[in-house]
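This is start14.txt (compact mmCIF, C-alpha atoms).
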```txt
# COMPACT_ATOMS: atom_id res chain seq x y z
CA GLN K 107 -19.00 -2.19 0.13
CA VAL K 108 -15.77 -1.22 1.86
CA GLN K 109 -15.17 2.51 2.00
CA LEU K 110 -12.22 4.34 3.48
CA VAL K 111 -12.28 8.14 3.49
CA GLU K 112 -9.25 10.14 4.60
CA SER K 113 -9.17 13.74 5.72
CA GLY K 114 -6.88 16.22 7.43
CA GLY K 115 -4.24 16.78 4.80
CA GLU K 116 -3.06 20.36 4.31
CA GLU K 117 0.02 22.51 3.84
CA VAL K 118 2.19 22.82 6.93
CA GLN K 119 5.61 24.29 7.67
CA PRO K 120 8.66 22.16 8.41
CA GLY K 121 8.68 21.17 12.07
CA GLY K 122 4.90 21.37 12.23
CA SER K 123 2.28 18.81 13.19
CA LEU K 124 -0.88 17.41 11.66
CA ARG K 125 -3.42 14.70 12.37
CA LEU K 126 -4.86 12.63 9.55
CA SER K 127 -8.16 10.79 9.98
CA CYS K 128 -9.77 7.91 8.14
CA VAL K 129 -13.37 6.78 8.58
CA ALA K 130 -14.20 3.23 7.58
CA SER K 131 -17.48 1.64 6.56
CA GLY K 132 -18.79 -1.48 4.89
CA PHE K 133 -17.00 -3.99 7.13
CA VAL K 134 -16.66 -4.90 10.81
CA PHE K 135 -13.92 -2.38 11.57
CA ASN K 136 -12.77 -3.79 14.91
CA ASN K 137 -11.86 -7.11 13.29
CA TYR K 138 -9.18 -5.76 10.96
CA GLY K 139 -5.72 -4.28 11.09
CA MET K 140 -5.24 -0.96 9.34
CA HIS K 141 -2.34 0.68 7.49
CA TRP K 142 -1.16 4.07 6.36
CA VAL K 143 0.78 4.16 3.09
CA ARG K 144 2.16 7.30 1.44
CA GLN K 145 3.18 8.37 -2.03
CA ALA K 146 5.34 11.42 -2.67
CA PRO K 147 4.46 13.40 -5.82
CA GLY K 148 5.55 11.43 -8.88
CA LYS K 149 7.11 8.71 -6.72
CA GLY K 150 6.32 5.18 -5.57
CA LEU K 151 4.37 3.81 -2.65
CA GLU K 152 5.90 3.66 0.82
CA TRP K 153 4.40 1.71 3.69
CA VAL K 154 4.26 3.96 6.76
CA ALA K 155 2.47 2.29 9.67
CA TYR K 156 0.23 -0.58 10.76
CA ILE K 157 -2.05 -1.04 13.76
CA TRP K 158 -3.61 -4.23 15.02
CA TYR K 159 -7.39 -4.70 15.02
CA ASP K 160 -7.58 -3.85 18.73
CA GLY K 161 -4.94 -1.11 18.73
CA THR K 162 -2.60 -2.98 21.06
CA ASN K 163 0.32 -3.16 18.67
CA LYS K 164 1.70 -0.60 16.24
CA TYR K 165 4.51 -0.75 13.70
CA TYR K 166 6.33 1.91 11.69
CA VAL K 167 8.80 2.37 8.88
CA ASP K 168 12.14 3.52 10.31
CA SER K 169 11.97 6.98 8.72
CA VAL K 170 8.91 7.98 10.78
CA LYS K 171 9.61 6.25 14.09
CA GLY K 172 9.38 8.70 16.96
CA ARG K 173 7.63 11.31 14.78
CA PHE K 174 4.41 9.61 13.61
CA THR K 175 1.82 7.80 15.73
CA ILE K 176 -0.94 5.54 14.43
CA SER K 177 -4.04 5.04 16.56
CA ARG K 178 -7.64 3.95 16.20
CA ASP K 179 -11.06 4.40 17.81
CA ASN K 180 -13.12 1.30 17.18
CA SER K 181 -16.24 2.95 18.62
CA LYS K 182 -16.10 5.47 15.78
CA ASN K 183 -14.66 3.26 13.00
CA MET K 184 -11.74 5.66 12.77
CA VAL K 185 -8.01 5.30 12.30
CA TYR K 186 -5.62 8.21 12.75
CA LEU K 187 -2.06 9.19 11.91
CA GLN K 188 -0.49 11.88 14.05
CA LEU K 189 2.42 13.53 12.23
CA LYS K 190 4.99 15.58 14.18
CA SER K 191 8.35 17.20 13.40
CA LEU K 192 7.37 17.22 9.75
CA ARG K 193 10.04 17.42 7.08
CA THR K 194 9.80 18.44 3.45
CA GLU K 195 10.37 14.79 2.51
CA ASP K 196 7.11 13.86 4.27
CA THR K 197 5.20 15.64 1.49
CA ALA K 198 2.94 12.98 0.00
CA VAL K 199 -0.53 11.65 -0.52
CA TYR K 200 -1.34 9.55 2.54
CA TYR K 201 -3.58 6.54 1.99
CA CYS K 202 -5.53 4.72 4.66
CA ALA K 203 -5.73 1.03 3.84
CA LYS K 204 -7.25 -2.14 5.22
CA SER K 205 -5.66 -5.51 5.92
CA PRO K 206 -7.67 -8.70 5.34
CA LEU K 207 -8.05 -11.42 7.93
CA SER K 208 -5.35 -14.09 7.89
CA SER K 209 -3.12 -12.60 5.21
CA GLN K 210 -0.29 -10.10 5.03
CA THR K 211 -1.49 -7.76 2.33
CA ILE K 212 -3.63 -4.67 1.77
CA ASP K 213 -6.98 -5.35 0.14
CA TYR K 214 -8.71 -1.95 0.16
CA TRP K 215 -7.44 1.61 -0.12
CA GLY K 216 -8.91 5.04 0.45
CA GLN K 217 -8.54 7.84 -2.07
CA GLY K 218 -5.82 9.58 -0.07
CA THR K 219 -5.23 12.98 1.50
CA LEU K 220 -2.40 15.31 0.48
CA VAL K 221 0.11 16.57 3.03
CA THR K 222 2.45 19.32 1.82
CA VAL K 223 5.38 20.33 4.02
CA SER K 224 6.78 23.61 2.79
CA SER K 225 8.08 26.89 4.11
CA GLN R 22 13.54 -1.63 4.75
CA SER R 23 14.92 -0.93 1.30
CA ALA R 24 12.42 -0.79 -1.55
CA LEU R 25 12.03 -3.86 -3.73
CA THR R 26 13.53 -3.42 -7.19
CA GLN R 27 11.29 -3.27 -10.24
CA PRO R 28 12.06 -2.21 -13.81
CA LEU R 29 11.15 1.38 -14.49
CA SER R 30 9.03 0.51 -17.50
CA ALA R 31 7.59 -2.31 -19.56
CA SER R 32 5.52 -2.35 -22.72
CA GLY R 33 3.64 -4.59 -25.09
CA SER R 34 1.16 -4.50 -27.91
CA PRO R 35 -2.50 -5.35 -27.40
CA ARG R 36 -3.09 -9.09 -26.92
CA GLN R 37 0.59 -9.63 -26.09
CA SER R 38 1.98 -10.46 -22.65
CA VAL R 39 4.25 -8.47 -20.38
CA THR R 40 6.10 -9.69 -17.30
CA ILE R 41 7.30 -7.44 -14.49
CA SER R 42 9.94 -8.57 -12.01
CA CYS R 43 10.23 -7.61 -8.35
CA THR R 44 13.52 -8.35 -6.63
CA GLY R 45 13.91 -8.31 -2.89
CA THR R 46 16.08 -10.10 -0.37
CA SER R 47 16.08 -13.20 1.79
CA THR R 48 14.40 -11.20 4.57
CA ASP R 49 11.34 -10.17 2.58
CA VAL R 50 10.39 -11.71 -0.80
CA GLY R 51 12.61 -14.73 -0.26
CA ASP R 52 11.37 -15.41 3.26
CA TYR R 53 7.60 -15.11 2.95
CA ASN R 54 4.89 -16.12 0.49
CA TYR R 55 3.24 -12.76 1.09
CA VAL R 56 4.00 -10.95 -2.14
CA SER R 57 1.23 -8.73 -3.48
CA TRP R 58 0.81 -6.75 -6.68
CA TYR R 59 -1.14 -3.50 -7.12
CA GLN R 60 -2.30 -1.56 -10.16
CA GLN R 61 -2.52 2.22 -9.99
CA HIS R 62 -4.00 4.44 -12.66
CA PRO R 63 -3.00 8.15 -12.65
CA GLY R 64 -4.65 10.07 -9.84
CA LYS R 65 -6.28 6.95 -8.42
CA ALA R 66 -5.75 4.74 -5.42
CA PRO R 67 -3.90 1.44 -5.89
CA LYS R 68 -5.97 -1.69 -6.50
CA LEU R 69 -5.02 -5.17 -5.30
CA LEU R 70 -4.37 -7.56 -8.20
CA ILE R 71 -2.48 -10.46 -6.63
CA TYR R 72 -1.86 -11.53 -3.04
CA GLU R 73 0.11 -14.38 -1.48
CA VAL R 74 2.28 -14.59 -4.62
CA SER R 75 -0.34 -15.97 -7.00
CA LYS R 76 -3.87 -15.59 -5.61
CA ARG R 77 -6.37 -13.28 -7.30
CA PRO R 78 -9.11 -11.43 -5.40
CA SER R 79 -12.58 -11.92 -6.81
CA GLY R 80 -13.19 -9.67 -9.78
CA VAL R 81 -9.58 -9.58 -10.99
CA PRO R 82 -9.31 -11.11 -14.48
CA ASP R 83 -7.25 -14.28 -14.85
CA ARG R 84 -5.10 -12.38 -17.36
CA PHE R 85 -3.15 -11.31 -14.28
CA SER R 86 -0.94 -13.96 -12.74
CA GLY R 87 1.87 -14.03 -10.21
CA SER R 88 4.80 -16.25 -9.34
CA LYS R 89 7.94 -16.29 -7.23
CA SER R 90 11.36 -17.88 -7.36
CA GLY R 91 13.83 -17.23 -4.60
CA ASN R 92 14.10 -13.51 -3.92
CA THR R 93 12.29 -12.48 -7.11
CA ALA R 94 8.57 -12.32 -7.75
CA SER R 95 6.92 -11.71 -11.09
CA LEU R 96 3.62 -10.42 -12.42
CA THR R 97 2.48 -11.43 -15.89
CA VAL R 98 -0.26 -9.61 -17.72
CA SER R 99 -1.51 -11.70 -20.61
CA GLY R 100 -3.67 -10.50 -23.46
CA LEU R 101 -2.78 -6.86 -22.85
CA GLN R 102 -5.63 -4.42 -23.09
CA ALA R 103 -5.61 -0.63 -23.33
CA GLU R 104 -6.95 -0.32 -19.78
CA ASP R 105 -3.94 -2.24 -18.44
CA GLU R 106 -1.79 0.84 -19.06
CA ALA R 107 -0.94 1.89 -15.50
CA ASP R 108 1.71 1.78 -12.80
CA TYR R 109 2.26 -1.56 -11.09
CA TYR R 110 3.75 -2.06 -7.64
CA CYS R 111 4.79 -5.18 -5.82
CA SER R 112 4.95 -5.44 -2.07
CA SER R 113 6.18 -7.98 0.41
CA TYR R 114 5.73 -8.73 4.06
CA ALA R 115 9.10 -8.09 5.70
CA GLY R 116 8.52 -9.62 9.12
CA SER R 117 7.50 -8.09 12.46
CA ASN R 118 4.33 -6.65 10.95
CA THR R 119 6.25 -4.44 8.52
CA PHE R 120 5.90 -4.21 4.77
CA VAL R 121 7.95 -2.98 1.83
CA PHE R 122 6.84 -1.84 -1.62
CA GLY R 123 8.58 -2.06 -4.95
CA THR R 124 9.88 0.92 -6.88
CA GLY R 125 7.05 0.66 -9.41
CA THR R 126 6.81 -0.15 -13.10
CA LYS R 127 5.00 1.90 -15.71
CA VAL R 128 3.32 -0.38 -18.24
CA THR R 129 2.60 1.06 -21.66
CA VAL R 130 0.29 -0.59 -24.17
CA LEU R 131 1.73 0.21 -27.57
```
In structure tokens, what does this structure look like?
Amino acid sequence: QVQLVESGGEEVQPGGSLRLSCVASGFVFNNYGMHWVRQAPGKGLEWVAYIWYDGTNKYYVDSVKGRFTISRDNSKNMVYLQLKSLRTEDTAVYYCAKSPLSSQTIDYWGQGTLVTVSS
Amino acid sequence: QSALTQPLSASGSPRQSVTISCTGTSTDVGDYNYVSWYQQHPGKAPKLLIYEVSKRPSGVPDRFSGSKSGNTASLTVSGLQAEDEADYYCSSYAGSNTFVFGTGTKVTVL
């Protein structure tokens, strides 16, 4: 079965950096695009970034452009989210999520990792 | 990239139906048949209920159904059950490999 397990979330000061990781299993990882979605405490879901199956194209929500970078290592079944210049409003649970073939949706989600930006 | 608009809350008694709306614009909901709906219980990850406006993944009960008209999509939960009490989010493809989520609706089973 599909499993997505995130790690790397922790408390960091404003202006700091962090790298989130997600290991995937249960499917042929290098065939599928991958997303990061976040959810601030008590708030709704916000799509953050998407990377193509082969890593050649990457897309971001405007609020993180130039600060966050999505990447993947298909040899390790891993997807990453590098977070820089963090702001208090970036505090959230960050979910790694999988896209299906031939459809614009998210079909599987990890359990999330909490990033807290606080001084 | 503004969030899609959903009602803050909805409720119904067991065995009744509840319908949640999701209003976007002509550049997201109105432009693509890629509206999805997710269910999220407290402290849990979201779960896909509906994709491509009205399709159900295997394992999702047919009590959940979706539709769309213009810039507004809807999710109907028929025959409400206690376990349907959760937060529900819509999302839409917004072009250029970007996505937007709804503001979320808390469904209460009375």
Minimum-distance residue to Thr46 (chain R), chosen among R:Glu104, R:Leu29, R:Thr93, R:Glu73 (using only C-alpha atoms):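 Nearest candidate to Thr46 (chain R) out of R:Glu104, R:Leu29, R:Thr93, R:Glu73: R:Thr93.
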Between CA of Lys68 (chain R) and CA of Asn180 (chain K) - distance in Å to one decimal: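 Result for CA of Asn180 (chain K) versus CA of Lys68 (chain R): 24.9 Å, one decimal.
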Taking only residues of chain R that have an atom at most 6 Å from an atom of chain K, what is each one's shortest atom pair and its distance in Å to one decimal, using only C-alpha atoms, in chain and number order, as JSON lines?
```
{"residue": "R:Tyr55", "atom": "CA", "partner": "K:Gln210", "partner_atom": "CA", "distance": 5.9}
{"residue": "R:Ala66", "atom": "CA", "partner": "K:Gln217", "partner_atom": "CA", "distance": 5.3}
{"residue": "R:Leu69", "atom": "CA", "partner": "K:Asp213", "partner_atom": "CA", "distance": 5.8}
{"residue": "R:Thr124", "atom": "CA", "partner": "K:Gly150", "partner_atom": "CA", "distance": 5.7}
{"residue": "R:Gly125", "atom": "CA", "partner": "K:Gly150", "partner_atom": "CA", "distance": 6.0}
```
Test item: residues at most 8 Å from region 82-90 of chain R, all atoms listed in the file, excluding those fewer than 4 positions along its chain, as a PyMOL selection string: chain R and resi 51+70-71+74-77+94-100
Nearest to Ser131 (chain K), chosen from K:Lys182, K:Arg144, K:Lys171, K:Lys190, with all atoms listed in the file counted in the distances: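 Distance minimum relative to Ser131 (chain K) lands on K:Lys182.
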d(CA of Arg193 (chain K), CA of Gly172 (chain K)) in Å: 13.2 Å
Atomic separation - CA of Pro63 (chain R) relative to CA of Lys127 (chain R), Å: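 Straight-line distance from CA of Lys127 (chain R) to CA of Pro63 (chain R) works out to 10.6 Å.
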Contact residues around Asp160 (chain K) with all atoms listed in the file at 12 Å, ignoring same-chain residues under 3 positions, as a PyMOL selection string: chain K and resi 135-140+156-157+163-164+177-181+183-185
Mind dumping the selected residues with C-alpha atoms as a CSV table (one decimal), in the coordinates of the input?
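As written to disk, part-v8.csv reads:
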```csv
chain,number,residue,atom,x,y,z
K,135,PHE,CA,-13.9,-2.4,11.6
K,136,ASN,CA,-12.8,-3.8,14.9
K,137,ASN,CA,-11.9,-7.1,13.3
K,138,TYR,CA,-9.2,-5.8,11.0
K,139,GLY,CA,-5.7,-4.3,11.1
K,140,MET,CA,-5.2,-1.0,9.3
K,156,TYR,CA,0.2,-0.6,10.8
K,157,ILE,CA,-2.0,-1.0,13.8
K,163,ASN,CA,0.3,-3.2,18.7
K,164,LYS,CA,1.7,-0.6,16.2
K,177,SER,CA,-4.0,5.0,16.6
K,178,ARG,CA,-7.6,4.0,16.2
K,179,ASP,CA,-11.1,4.4,17.8
K,180,ASN,CA,-13.1,1.3,17.2
K,181,SER,CA,-16.2,3.0,18.6
K,183,ASN,CA,-14.7,3.3,13.0
K,184,MET,CA,-11.7,5.7,12.8
K,185,VAL,CA,-8.0,5.3,12.3
```
